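Asks: Let me give you the structure first, and then I'll get to my questions.
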Amino acid sequence: MSRLLRISRSLTWLFLLGLSASAIMAASFYLYLRPGLPEVEQLADIKLQTPLRVYSADERLIAEFGEKRRAPITIEQIPTIQLHAFLAAEDSNFYSHMGVDFKGLLRAAIELVTTGHIQSGGSTITMQVAKNYFLSRDRTFIRKFNEILLAVQIERELEKNEILELYLNKIYLGNRAYGLQAAAQVYYDKKVKELSLAQMAMLAGLPKAPSAYNPLVNPERARIRRNWILGRMQELGYISEDAYQLASNAELTASYNAPATEVDADYVAEMARAEMVKRFGDAAYTDGYVVTLTVDSRKQQTATEALRNGLEAYEERHGYRGPIGTIEDPSQPEATLLAELSNYPRIEDLSPALVQQVNDEDNQAHLLVRGLGAATLAMDTMAWASRHRTVNYTGPKPSKPSDVVSPGDVIYVKEVRATTAPEATADDSTSQTRPNKPTVALAQLPEVQGALISLEAETGAIEALSGGYSFGQSKYNRAIQATRQPGSAFKPFLYLAALENGMSPATVFNDAPIVFDDDQLASAWRPKNSSGQFYGPTRLREALYRSRNLVSIRLLRDLGIDTTMNFLEQLRIPTGNMQRDLSLALGSGLLTPLDVARGFAVIANGGYDVTPYLIQQVKDGQGKVVYQAPEVVHCNWRCPEHDPEHPGIRYAQRLADPKAVYLLHSMMRDVVRRGTGRRALALGRSDIAGKTGTTNDQRDTWFSGFNHRIATTVWLGYDQPTPMGRGEYGGSTALPVWLEYMKVALEDTPSAFMPQPNGLVSVRIDPRTGQRALPGQEGAVFEVFREENAPPPLETANGSHGNGNHLPQELF
C-alpha cells in the first residue's frame with residue numbers, strides 16, 4: 001500500500017473521528033442543556049414591557065409611565081420595505097435558514113478561539129429573539145449554544161412572520177424606545193407606515209449598536225450605517241437604483257420626540273399612577289395597562305389654567321418681589337449667558353430671562369430668554385410691579401422700566417406673542433413683513449398655592465382636579481393632602497343640621513355681641529363678624545348668605561356640639577381633626593379640599609352619599625377590561641353599599657333628608673344672588689348655589705359652588721398658614737378661579753335644579769320675626785318651610801285660628 005494511500009486513510013479516519021467526537025460533544029451539550037431551555041409556547045404568553053398610559057374620558061393622553069417606551073405592532077401593519085430594511089441589515093437569509101447561520105457561527109467561533117471573546121456574534125434574527133426573550137446578554141459559549149438550540153426549536157414551532165413580529169416588537173433601538181413603533185415615534189414623531197425609505201433604513205441600522213449608530217448622538221456614523229443598509233437593499237433587489245440614490249442623499253431628519261401629552265394634568269396623572277401601583281404593583285409600569293379617567297380634557301385644562309391665573313393674579317396684587325438672580329456681566333457672549341440661564345428652571349409658562357438693556361425712552365427692556373432668544377419687555381406688562389413690602393403694603397406704582405428691572409437681573413417672563421410688523425420701503429408703497437423680537441410679559445413665580453376639585457354630584461366622578469401651581473415645582477397635591485380650616489365654607493353643613501332638627505330658613509337668631517368662657521377654649525372668646533358690626537335679630541337665610549358668624553355660633557350652641565358632630569358623621573364628613581367647641585361653627589376644624597368638595601356634592605345631589613373616584617376603566621396589554629368603575633345608583637336610607645348579586649353597581653345611600661337639603665339649596669342660591677358670592681352672577685345662571693369661606697387673618701380662602709349636577713371647590717392659601725393680606729377673602733381670591741372654570745364646565749348645559757320634594761309649603765312671612773305676615777303687610781316675603789315646621793296660622797278677631805282657606809294669599 002502506497003504511503004499516500006495510508007496518509008489518506010489516516011486523515012479520513014481522523015476526520016470521521018473528529019466528526020464523531022463533535023457530534024457526541026454536541027449531543028452531550030444538547031442533552032445537558034435541553035432540560036433547562038424554556039418552552040417556545042411561553043413566547044405566546046410573554047408580556048412585552050409596555051408602559052402605563054393614562055387617558056382622559058375623551059381619550060386624550062395625559063401621561064405615560066414606565067422606563068421602556070413600547071407600542072406593540074403586528075407584522076401586517078409594517079410596510080414590506082421596512083421589513084426588507086431590517087432583513088438587509090440583520091439577516092438577509094432569514095426566510096431560507098433553519099434559525100442558524102453557520103457561516104456567521106464559524107466566524108464567531110474563530111473569534112472565540114483567537115481572542116477569547118465572541119465579538120461579531122453571528123446571530124440570526126431568530127437567535128436574537130431567543131436571546132432577547134429568554135436568555136441573558138452574557139457573551140459566553142454556554143449562552144451561545146443555548147441560543148442556537150433555542151433558535152432551532154423556535155423555527156420548528158413558529159412561522160417565520162411570527163418570529164419576525166416578535167423581533168420587531170422586542171428590539172432596543174435607543175432613547176428608551178423598545179420596538180419599531182416606539183422608535184418611529186421617538187425619532188420621527190410618526191407611525192411606521194408614515195416613514196420615508198431613508199428613515200426606515202436609519203431605524204434598521206440601530207439594533208446593531210443603538211448608541212454608536214444613534215442619529216441624535218452620532219449623526220455621521222448613523223448616516224454611514226444607513227447608507228450601507230440602503231446599498232444592501234439595492235444589492236438584494238429590494239429597491240431600485242433611483243430609490244437608493246434619493247434615500248442615501250436624504251438629510252438626517254431625526255429628532256427627539258417624547259410622547260406628546262395632550263392635557264396639562266400632572267396632579268391627576270400622579271393620582272392615577274399611585275392607584276395603579278396600589279392595584280397591580282410594579283407590573284403597572286410594564287404590562288401595558290391603559291387607564292381611562294373620569295376627567296374631561298377641556299375641563300381639566302381649564303381647571304389647571306384657572307388656578308394658575310388666580311394664583312398669578314394674587315401675586316400681582318401684592319407686588320413684585322424682585323429678580324430671582326443676577327448675572328454680573330450681561331454683555332458676555334450669548335452662548336455663555338444661555339449656559340448661565342440654564343441654571344434657572346423653566347416652570348410651566350414661566351421662562352428665565354436676563355435683562356440686557358433698559359430703555360426708559362422707549363418704555364421697554366431688552367432681554368435674552370431661555371428657550372426663546374432675544375425678546376422685548378414692554379412697560380405696560382410691568383405696570384403691576386409695585387415693589388412688594390409686606391402682605392398688606394406695596395411701594396409706589398412704577399412709571400418707567402428702570403423702576404422695575406436693571407441690566408443683569410434674571411427674571412421670569414411669559415411669552416405674549418410673536419409679532420410681525422410692516423416695513424415700508426422708500427420706493428414701494430406696498431409693505432412687506434419682517435419678524436420682530438417676540439414680546440414677553442414680566443411674571444413672578446407664585447408663593448401662594450391653591451387647589452381646585454370638581455365632582456359630578458350624582459356619582460362622585462372627578463371631572464377636574466389641580467393640586468397646585470406646578471407639579472414640577474411641588475409634588476404636594478393640595479387637593480387631597482392639604483388639611484386646612486374651611487372657615488365659613490363649613491357653615492352649610494351646620495345649617496343643614498339645623499334644618500334636619502326642626503329649624504327653618506325663617507328661624508331667627510340674635511346677631512349681637514357675645515363672650516364665651518368655655519372650658520374647651522384657652523381664654524375668653526369674643527367672636528365677631530368680618531365687618532366688625534352687629535345686626536340684631538336675623539333669619540337663618542340671611543345669616544347664611546351674609547355669612548354672619550355670631551348667628552352661626554348661637555345656632556351651634558342651640559343645636560349642641562354632640563348633635564352637630566353626630567350629624568357630620570352621618571354625612572361622612574371627617575371629624576377627627578375637629579375641636580368639640582363653639583369655634584366649630586366658624587369652620588375651625590381641618591378638612592382637605594376634597595373633603596369639602598365631597599360634602600358639597602352630597603348637598604348638590606339632594607343628600608346622597610358620594611365617593612369620589614378618578615379611574616373609570618383599566619384595560620390590560622391585550623385590550624381586555626380588567627376594571628370598570630361601578631355604576632352608581634341612589635338608594636333611600638337602608639341599602640347595601642355593595643350587592644354581591646350586582647357587583648357592577650355601587651349603591652349611594654341617602655345621608656340627609658331631601659326636604660332639608662332642598663331648603664338649604666334655596667338658601668345657598670341667595671349667597672350668589674345677594675350675598676358674599678355675588679361674583680358668580682357673571683355666569684348668568686339661576687341654578688347656582690354656593691358659599692364663600694375665609695379664616696382668621698385671611699389664612700385660607702374658599703369658594704364652593706354647585707348646581708344639581710356638578711360641585712366645585714376652590715381653595716387658596718400658603719402651604720404654611722400665613723395671612724394673605726387685607727381684602728383677600730373667598731369672594732375675591734377663590735371665587736374668580738371657580739368662575740373661570742365653571743364658565744367652561746357649565747357651557748351649553750341646561751339649568752339643573754334639585755326637584756322639589758313633597759311636604760314643602762311656601763308661606764308669606766314678616767322678615768323681622770320669621771312669623772306669618774299680616775294680610776297686606778308691606779315688606780313681607782315668601783319663605784319655604786316643611787309643612788310640619790311652617791309658622792302657625794294667624795289668630796282671627798274672634799280668637800280662633802285661621803287656616804289655609806281663610807288666608808289663601810299666604811299658602812300656595
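By convention in this document, the chains of the C-alpha cells carry letters A, B, ... by their order, each chain's residues are numbered from 1, and ligands are numbered from 1 in the order they are shown.
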Just list the residues in range 575-624 of chain A DSSP gives alpha helix (DSSP H) on the backbone, as number ranges by chain.
Replies: A: 593-604
Asks: Can those selected residues be exported to a file as a short mmCIF file (atom, residue, chain, number, x, y, z; two decimals), in the first residue's frame so that it contains N, CA, C and O atoms?
Replies:
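The resulting result.cif:
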data_model
loop_
_atom_site.label_atom_id
_atom_site.label_comp_id
_atom_site.auth_asym_id
_atom_site.auth_seq_id
_atom_site.Cartn_x
_atom_site.Cartn_y
_atom_site.Cartn_z
N PRO A 593 -59.46 69.99 50.69
CA PRO A 593 -60.38 70.46 49.64
C PRO A 593 -61.26 69.35 49.09
O PRO A 593 -62.43 69.59 48.76
N LEU A 594 -60.72 68.12 49.01
CA LEU A 594 -61.54 67.01 48.54
C LEU A 594 -62.68 66.72 49.52
O LEU A 594 -63.81 66.43 49.11
N ASP A 595 -62.38 66.78 50.82
CA ASP A 595 -63.43 66.58 51.83
C ASP A 595 -64.55 67.61 51.66
O ASP A 595 -65.73 67.27 51.71
N VAL A 596 -64.16 68.86 51.47
CA VAL A 596 -65.15 69.93 51.32
C VAL A 596 -65.95 69.72 50.04
O VAL A 596 -67.18 69.83 50.03
N ALA A 597 -65.24 69.43 48.94
CA ALA A 597 -65.92 69.23 47.66
C ALA A 597 -66.90 68.06 47.75
O ALA A 597 -68.02 68.13 47.21
N ARG A 598 -66.50 66.99 48.41
CA ARG A 598 -67.39 65.84 48.55
C ARG A 598 -68.64 66.21 49.35
O ARG A 598 -69.76 65.84 49.00
N GLY A 599 -68.44 66.97 50.46
CA GLY A 599 -69.59 67.39 51.26
C GLY A 599 -70.57 68.24 50.45
O GLY A 599 -71.78 68.08 50.55
N PHE A 600 -70.03 69.13 49.64
CA PHE A 600 -70.90 69.97 48.80
C PHE A 600 -71.56 69.15 47.70
O PHE A 600 -72.68 69.46 47.28
N ALA A 601 -70.91 68.10 47.22
CA ALA A 601 -71.54 67.22 46.24
C ALA A 601 -72.73 66.49 46.85
O ALA A 601 -73.75 66.27 46.18
N VAL A 602 -72.61 66.09 48.13
CA VAL A 602 -73.73 65.46 48.82
C VAL A 602 -74.91 66.43 48.87
O VAL A 602 -76.07 66.06 48.62
N ILE A 603 -74.63 67.70 49.18
CA ILE A 603 -75.70 68.70 49.20
C ILE A 603 -76.25 68.89 47.79
O ILE A 603 -77.47 68.95 47.58
N ALA A 604 -75.36 68.97 46.80
CA ALA A 604 -75.78 69.26 45.42
C ALA A 604 -76.72 68.19 44.88
O ALA A 604 -77.69 68.50 44.18
#
Asks: Range 609-677 of chain A near range 274-285 of chain A within 10 Å: what's each residue's closest atom pair and its distance in Å to one decimal, counting only C-alpha atoms, ordered by chain then ascending residue number, as JSON lines?
Replies:
{"residue": "A:Leu614", "atom": "CA", "partner": "A:Glu275", "partner_atom": "CA", "distance": 9.2}
{"residue": "A:Ile615", "atom": "CA", "partner": "A:Glu275", "partner_atom": "CA", "distance": 8.5}
{"residue": "A:Val618", "atom": "CA", "partner": "A:Met276", "partner_atom": "CA", "distance": 9.0}
{"residue": "A:Asp620", "atom": "CA", "partner": "A:Ala284", "partner_atom": "CA", "distance": 9.4}
Asks: Once you have the residues from the selection above, write them out as a PDB file, in the first residue's frame, restricted to N, CA and C atoms.
Replies:
ATOM      1  N   LEU A 614     -61.575  58.443  40.471  1.00  0.00           N
ATOM      2  CA  LEU A 614     -60.858  59.015  39.332  1.00  0.00           C
ATOM      3  C   LEU A 614     -60.750  58.052  38.161  1.00  0.00           C
ATOM      4  N   ILE A 615     -60.617  56.754  38.434  1.00  0.00           N
ATOM      5  CA  ILE A 615     -60.392  55.782  37.365  1.00  0.00           C
ATOM      6  C   ILE A 615     -61.729  55.211  36.905  1.00  0.00           C
ATOM      7  N   VAL A 618     -59.865  50.302  33.293  1.00  0.00           N
ATOM      8  CA  VAL A 618     -58.492  49.849  33.080  1.00  0.00           C
ATOM      9  C   VAL A 618     -58.522  48.678  32.108  1.00  0.00           C
ATOM     10  N   ASP A 620     -55.908  45.817  30.094  1.00  0.00           N
ATOM     11  CA  ASP A 620     -54.557  45.262  30.128  1.00  0.00           C
ATOM     12  C   ASP A 620     -53.910  45.390  28.754  1.00  0.00           C
TER      13      ASP A 620
END
Asks: Do you know which residues are at most 7 Å from range 365-373 of chain A counting only C-alpha atoms, after dropping those on the same chain fewer than 6 positions away, and could you put them as JSON, numbers by chain?
Replies: {"A": [338, 341, 351, 352, 353, 354, 355, 356, 357, 358, 359, 401]}
Asks: Can you pull out every residue within 9 Å of Ala441 in chain A, counting only C-alpha atoms, but drop anything in the same chain fewer than 3 positions away, and send it as a count of residues only?
Replies: 12
Asks: Need to verify the contact set: Tyr535 in chain A, 10 Å, only C-alpha atoms, exclusion of same-chain residues closer than 5 positions in sequence. Can you return it as a list in words?
Replies: Asn510, Asp511, Ala512, Pro513, Asn529, Ala543, Arg548, Leu550 and Val551 of chain A
Asks: Would you pick out the contacts of range 295-297 of chain A at 8 Å or less, using only C-alpha atoms, so that residues sharing its chain but fewer than 6 positions from it are not included, and give the list as a ChimeraX atom specification?
Replies: /A:56-58,60,263,461-464,614
